[in-house]
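data.txt follows (compact mmCIF, N, CA and C atoms):
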```txt
# COMPACT_ATOMS: atom_id res chain seq x y z
N MET B 376 1.45 -3.31 -16.77
CA MET B 376 0.96 -2.45 -15.72
C MET B 376 0.17 -3.29 -14.72
N ILE B 377 0.46 -3.08 -13.44
CA ILE B 377 -0.21 -3.84 -12.38
C ILE B 377 -0.88 -2.86 -11.44
N PHE B 378 -2.18 -3.03 -11.27
CA PHE B 378 -2.93 -2.19 -10.34
C PHE B 378 -2.86 -2.81 -8.94
N LEU B 379 -2.40 -2.03 -7.98
CA LEU B 379 -2.30 -2.49 -6.60
C LEU B 379 -3.51 -2.02 -5.83
N ASP B 380 -4.18 -2.95 -5.16
CA ASP B 380 -5.38 -2.57 -4.40
C ASP B 380 -5.05 -2.33 -2.94
N THR B 381 -6.03 -1.83 -2.23
CA THR B 381 -5.87 -1.45 -0.83
C THR B 381 -5.42 -2.61 0.04
N ASN B 382 -6.07 -3.75 -0.08
CA ASN B 382 -5.72 -4.89 0.78
C ASN B 382 -4.27 -5.32 0.60
N TYR B 383 -3.82 -5.36 -0.64
CA TYR B 383 -2.44 -5.75 -0.88
C TYR B 383 -1.48 -4.76 -0.23
N LEU B 384 -1.72 -3.48 -0.41
CA LEU B 384 -0.82 -2.46 0.13
C LEU B 384 -0.80 -2.48 1.66
N ILE B 385 -1.93 -2.72 2.27
CA ILE B 385 -1.96 -2.83 3.74
C ILE B 385 -1.17 -4.05 4.18
N ASN B 386 -1.36 -5.17 3.52
CA ASN B 386 -0.59 -6.37 3.87
C ASN B 386 0.90 -6.15 3.68
N LEU B 387 1.27 -5.38 2.69
CA LEU B 387 2.68 -5.11 2.42
C LEU B 387 3.32 -4.25 3.51
N HIS B 388 2.56 -3.34 4.09
CA HIS B 388 3.13 -2.38 5.03
C HIS B 388 2.92 -2.69 6.51
N VAL B 389 1.99 -3.55 6.84
CA VAL B 389 1.72 -3.87 8.25
C VAL B 389 2.41 -5.19 8.57
N GLU B 390 3.51 -5.10 9.29
CA GLU B 390 4.37 -6.27 9.52
C GLU B 390 3.71 -7.37 10.34
N ASN B 391 2.80 -7.04 11.22
CA ASN B 391 2.17 -8.08 12.04
C ASN B 391 0.91 -8.65 11.39
N ASN B 392 0.67 -8.29 10.15
CA ASN B 392 -0.47 -8.83 9.40
C ASN B 392 -0.12 -10.25 8.95
N LYS B 393 -1.08 -11.15 8.98
CA LYS B 393 -0.79 -12.55 8.65
C LYS B 393 -0.40 -12.76 7.18
N PHE B 394 -0.71 -11.82 6.31
CA PHE B 394 -0.36 -11.95 4.89
C PHE B 394 0.85 -11.09 4.50
N HIS B 395 1.54 -10.54 5.49
CA HIS B 395 2.68 -9.65 5.20
C HIS B 395 3.78 -10.36 4.42
N GLU B 396 4.17 -11.54 4.83
CA GLU B 396 5.25 -12.25 4.14
C GLU B 396 4.86 -12.58 2.70
N ARG B 397 3.62 -12.97 2.48
CA ARG B 397 3.16 -13.28 1.13
C ARG B 397 3.17 -12.02 0.27
N ALA B 398 2.76 -10.89 0.83
CA ALA B 398 2.77 -9.64 0.09
C ALA B 398 4.20 -9.27 -0.31
N LYS B 399 5.16 -9.50 0.58
CA LYS B 399 6.56 -9.23 0.25
C LYS B 399 7.05 -10.15 -0.88
N GLU B 400 6.63 -11.42 -0.85
CA GLU B 400 7.00 -12.35 -1.93
C GLU B 400 6.46 -11.86 -3.27
N ILE B 401 5.20 -11.44 -3.26
CA ILE B 401 4.59 -10.94 -4.49
C ILE B 401 5.33 -9.70 -4.97
N TYR B 402 5.68 -8.81 -4.04
CA TYR B 402 6.39 -7.60 -4.43
C TYR B 402 7.72 -7.93 -5.11
N SER B 403 8.40 -8.94 -4.62
CA SER B 403 9.67 -9.30 -5.26
C SER B 403 9.47 -9.77 -6.70
N LEU B 404 8.29 -10.28 -7.01
CA LEU B 404 7.99 -10.72 -8.37
C LEU B 404 7.60 -9.56 -9.29
N ILE B 405 7.06 -8.49 -8.71
CA ILE B 405 6.56 -7.39 -9.53
C ILE B 405 7.37 -6.10 -9.39
N LYS B 406 8.47 -6.14 -8.64
CA LYS B 406 9.20 -4.91 -8.34
C LYS B 406 9.68 -4.16 -9.57
N ASP B 407 9.95 -4.84 -10.65
CA ASP B 407 10.45 -4.18 -11.86
C ASP B 407 9.34 -3.84 -12.86
N LYS B 408 8.11 -4.09 -12.50
CA LYS B 408 6.97 -3.80 -13.37
C LYS B 408 6.37 -2.45 -13.01
N GLU B 409 5.65 -1.86 -13.95
CA GLU B 409 4.95 -0.61 -13.68
C GLU B 409 3.78 -0.90 -12.73
N LYS B 410 3.76 -0.20 -11.62
CA LYS B 410 2.71 -0.39 -10.62
C LYS B 410 1.85 0.86 -10.55
N VAL B 411 0.53 0.66 -10.54
CA VAL B 411 -0.42 1.76 -10.61
C VAL B 411 -1.37 1.68 -9.42
N ILE B 412 -1.71 2.85 -8.88
CA ILE B 412 -2.75 2.95 -7.85
C ILE B 412 -3.63 4.13 -8.21
N SER B 413 -4.70 4.32 -7.46
CA SER B 413 -5.57 5.47 -7.68
C SER B 413 -5.59 6.33 -6.42
N ASN B 414 -6.11 7.54 -6.56
CA ASN B 414 -6.26 8.41 -5.40
C ASN B 414 -7.15 7.76 -4.34
N LEU B 415 -8.16 7.05 -4.79
CA LEU B 415 -9.06 6.37 -3.85
C LEU B 415 -8.32 5.31 -3.04
N VAL B 416 -7.39 4.60 -3.66
CA VAL B 416 -6.60 3.60 -2.94
C VAL B 416 -5.76 4.28 -1.86
N ILE B 417 -5.17 5.42 -2.17
CA ILE B 417 -4.39 6.14 -1.17
C ILE B 417 -5.27 6.51 0.02
N MET B 418 -6.45 7.03 -0.25
CA MET B 418 -7.37 7.41 0.83
C MET B 418 -7.80 6.19 1.64
N GLU B 419 -8.10 5.09 0.96
CA GLU B 419 -8.52 3.87 1.67
C GLU B 419 -7.41 3.32 2.55
N VAL B 420 -6.20 3.26 2.03
CA VAL B 420 -5.08 2.72 2.80
C VAL B 420 -4.86 3.54 4.06
N THR B 421 -4.80 4.86 3.93
CA THR B 421 -4.54 5.68 5.11
C THR B 421 -5.69 5.62 6.10
N THR B 422 -6.92 5.54 5.62
CA THR B 422 -8.07 5.45 6.51
C THR B 422 -8.06 4.13 7.28
N VAL B 423 -7.83 3.02 6.60
CA VAL B 423 -7.81 1.72 7.27
C VAL B 423 -6.65 1.64 8.26
N LEU B 424 -5.49 2.11 7.86
CA LEU B 424 -4.34 2.09 8.78
C LEU B 424 -4.64 2.90 10.04
N ASN B 425 -5.31 4.01 9.88
CA ASN B 425 -5.57 4.90 11.01
C ASN B 425 -6.73 4.42 11.88
N TYR B 426 -7.89 4.23 11.29
CA TYR B 426 -9.09 3.99 12.08
C TYR B 426 -9.34 2.52 12.41
N ARG B 427 -9.08 1.65 11.48
CA ARG B 427 -9.38 0.24 11.73
C ARG B 427 -8.22 -0.49 12.40
N LEU B 428 -7.01 -0.25 11.91
CA LEU B 428 -5.86 -0.98 12.43
C LEU B 428 -5.10 -0.21 13.50
N LYS B 429 -5.44 1.04 13.72
CA LYS B 429 -4.85 1.86 14.79
C LYS B 429 -3.31 1.88 14.73
N GLN B 430 -2.78 2.06 13.52
CA GLN B 430 -1.33 2.13 13.36
C GLN B 430 -0.83 3.51 13.78
N ASP B 431 0.44 3.58 14.12
CA ASP B 431 0.98 4.86 14.58
C ASP B 431 1.10 5.86 13.42
N SER B 432 1.09 7.12 13.77
CA SER B 432 1.07 8.19 12.76
C SER B 432 2.34 8.20 11.89
N GLU B 433 3.46 7.76 12.44
CA GLU B 433 4.69 7.72 11.65
C GLU B 433 4.57 6.72 10.50
N LEU B 434 4.04 5.53 10.78
CA LEU B 434 3.84 4.53 9.73
C LEU B 434 2.87 5.07 8.69
N ILE B 435 1.77 5.64 9.12
CA ILE B 435 0.77 6.16 8.18
C ILE B 435 1.39 7.24 7.30
N SER B 436 2.16 8.13 7.89
CA SER B 436 2.82 9.19 7.12
C SER B 436 3.81 8.61 6.12
N ASN B 437 4.60 7.63 6.54
CA ASN B 437 5.57 6.99 5.64
C ASN B 437 4.89 6.28 4.48
N VAL B 438 3.80 5.57 4.78
CA VAL B 438 3.07 4.86 3.72
C VAL B 438 2.46 5.87 2.75
N TYR B 439 1.86 6.92 3.28
CA TYR B 439 1.27 7.95 2.43
C TYR B 439 2.31 8.55 1.49
N GLN B 440 3.46 8.87 2.02
CA GLN B 440 4.54 9.44 1.22
C GLN B 440 5.00 8.45 0.15
N GLU B 441 5.17 7.19 0.53
CA GLU B 441 5.60 6.18 -0.44
C GLU B 441 4.58 6.00 -1.56
N LEU B 442 3.31 5.94 -1.20
CA LEU B 442 2.28 5.76 -2.22
C LEU B 442 2.29 6.90 -3.23
N ASN B 443 2.52 8.10 -2.75
CA ASN B 443 2.54 9.26 -3.65
C ASN B 443 3.80 9.37 -4.48
N GLU B 444 4.91 8.83 -3.99
CA GLU B 444 6.18 8.99 -4.69
C GLU B 444 6.60 7.78 -5.52
N GLU B 445 6.23 6.59 -5.10
CA GLU B 445 6.76 5.38 -5.73
C GLU B 445 5.86 4.74 -6.78
N TYR B 446 4.59 5.11 -6.82
CA TYR B 446 3.65 4.46 -7.73
C TYR B 446 3.05 5.48 -8.69
N ASN B 447 2.68 5.02 -9.87
CA ASN B 447 1.95 5.86 -10.79
C ASN B 447 0.52 5.98 -10.29
N ILE B 448 0.05 7.20 -10.23
CA ILE B 448 -1.31 7.43 -9.74
C ILE B 448 -2.19 7.81 -10.90
N ASN B 449 -3.22 7.00 -11.15
CA ASN B 449 -4.18 7.27 -12.20
C ASN B 449 -5.47 7.77 -11.59
N ILE B 450 -6.07 8.73 -12.21
CA ILE B 450 -7.36 9.25 -11.76
C ILE B 450 -8.41 8.72 -12.72
N TRP B 451 -9.29 7.91 -12.17
CA TRP B 451 -10.35 7.35 -13.02
C TRP B 451 -11.68 7.92 -12.65
```
Structure encoded using structure tokens:
Amino acid sequence: MIFLDTNYLINLHVENNKFHERAKEIYSLIKDKEKVISNLVIMEVTTVLNYRLKQDSELISNVYQELNEEYNINIW
């Protein structure tokens, strides 16, 4: 089980981020492993994408949907 944090997920989804390519490389290594996030990570990712990085609403909506559908969400 691998816990994905906010910074990693932002780097994975924001293409013009300087760590985007590295995040994609890491994802290729862990794609077949169980990946876990928390509700707090979902809130942090969407907040940073919206307020700090000023990403468009379509990207934010797509990321939100992916986080809820593709990862195991644990409530701690």
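For stretch 426-440 of chain B, the residues within 7 Å (counting all atoms listed in the file, excluding itself and residues fewer than 5 positions away along the chain) are Ile417, Thr421 and Glu445 of chain B.
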Worksheet item: Hey, what's within 12 Å of B:Arg397 if we count only C-alpha atoms and toss same-chain stuff fewer than 4 positions away? As a ChimeraX atom specification, please?
Response: /B:383-390,392-393,401-404
Item to complete: Pick out each residue of stretch 397-444 of chain B that DSSP on the backbone tags as strand (DSSP E or B); I need them as a list in words.
Response: Lys410, Val411, Ile412 and Ser413 of chain B
Practice prompt. Could you check how far atom CA of B:Met376 sits from atom C of B:Leu424, in Å to one decimal?
Written response: 26.9 Å
Worksheet item: Leaving out stretch 446-450 of chain B and any residue of its chain fewer than 5 positions from it, which residues lie within 8 Å of it when counting only N, CA and C atoms, given as a PyMOL selection string?
Response: chain B and resi 409-415+440-441
Worksheet item: So, counting only C-alpha atoms, which residue among B:Asn391, B:Glu400, B:Ile377, B:Asn382 is closest to B:Val416?
Response: B:Asn382
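With atom CA of B:Lys406 on one side and atom CA of B:Glu419 on the other, the separation reads 22.2 Å.
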Item to complete: Would you list, as a ChimeraX atom specification, the residues of stretch 395-426 of chain B that end up in helix (DSSP H, G or I) under DSSP run on this structure's backbone?
Response: /B:395-405,414-426
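Put simply, atom C of B:Phe394 is 22.5 Å away from atom C of B:Asn443.
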Per-axis box centre and lengths in Å around stretch 377-387 of chain B, 3 Å margin per side, axis-aligned, as AutoDock Vina command-line options:
```
--center_x -1.4 --center_y -3.9 --center_z -4.6 --size_x 15.4 --size_y 10.9 --size_z 23.6
```
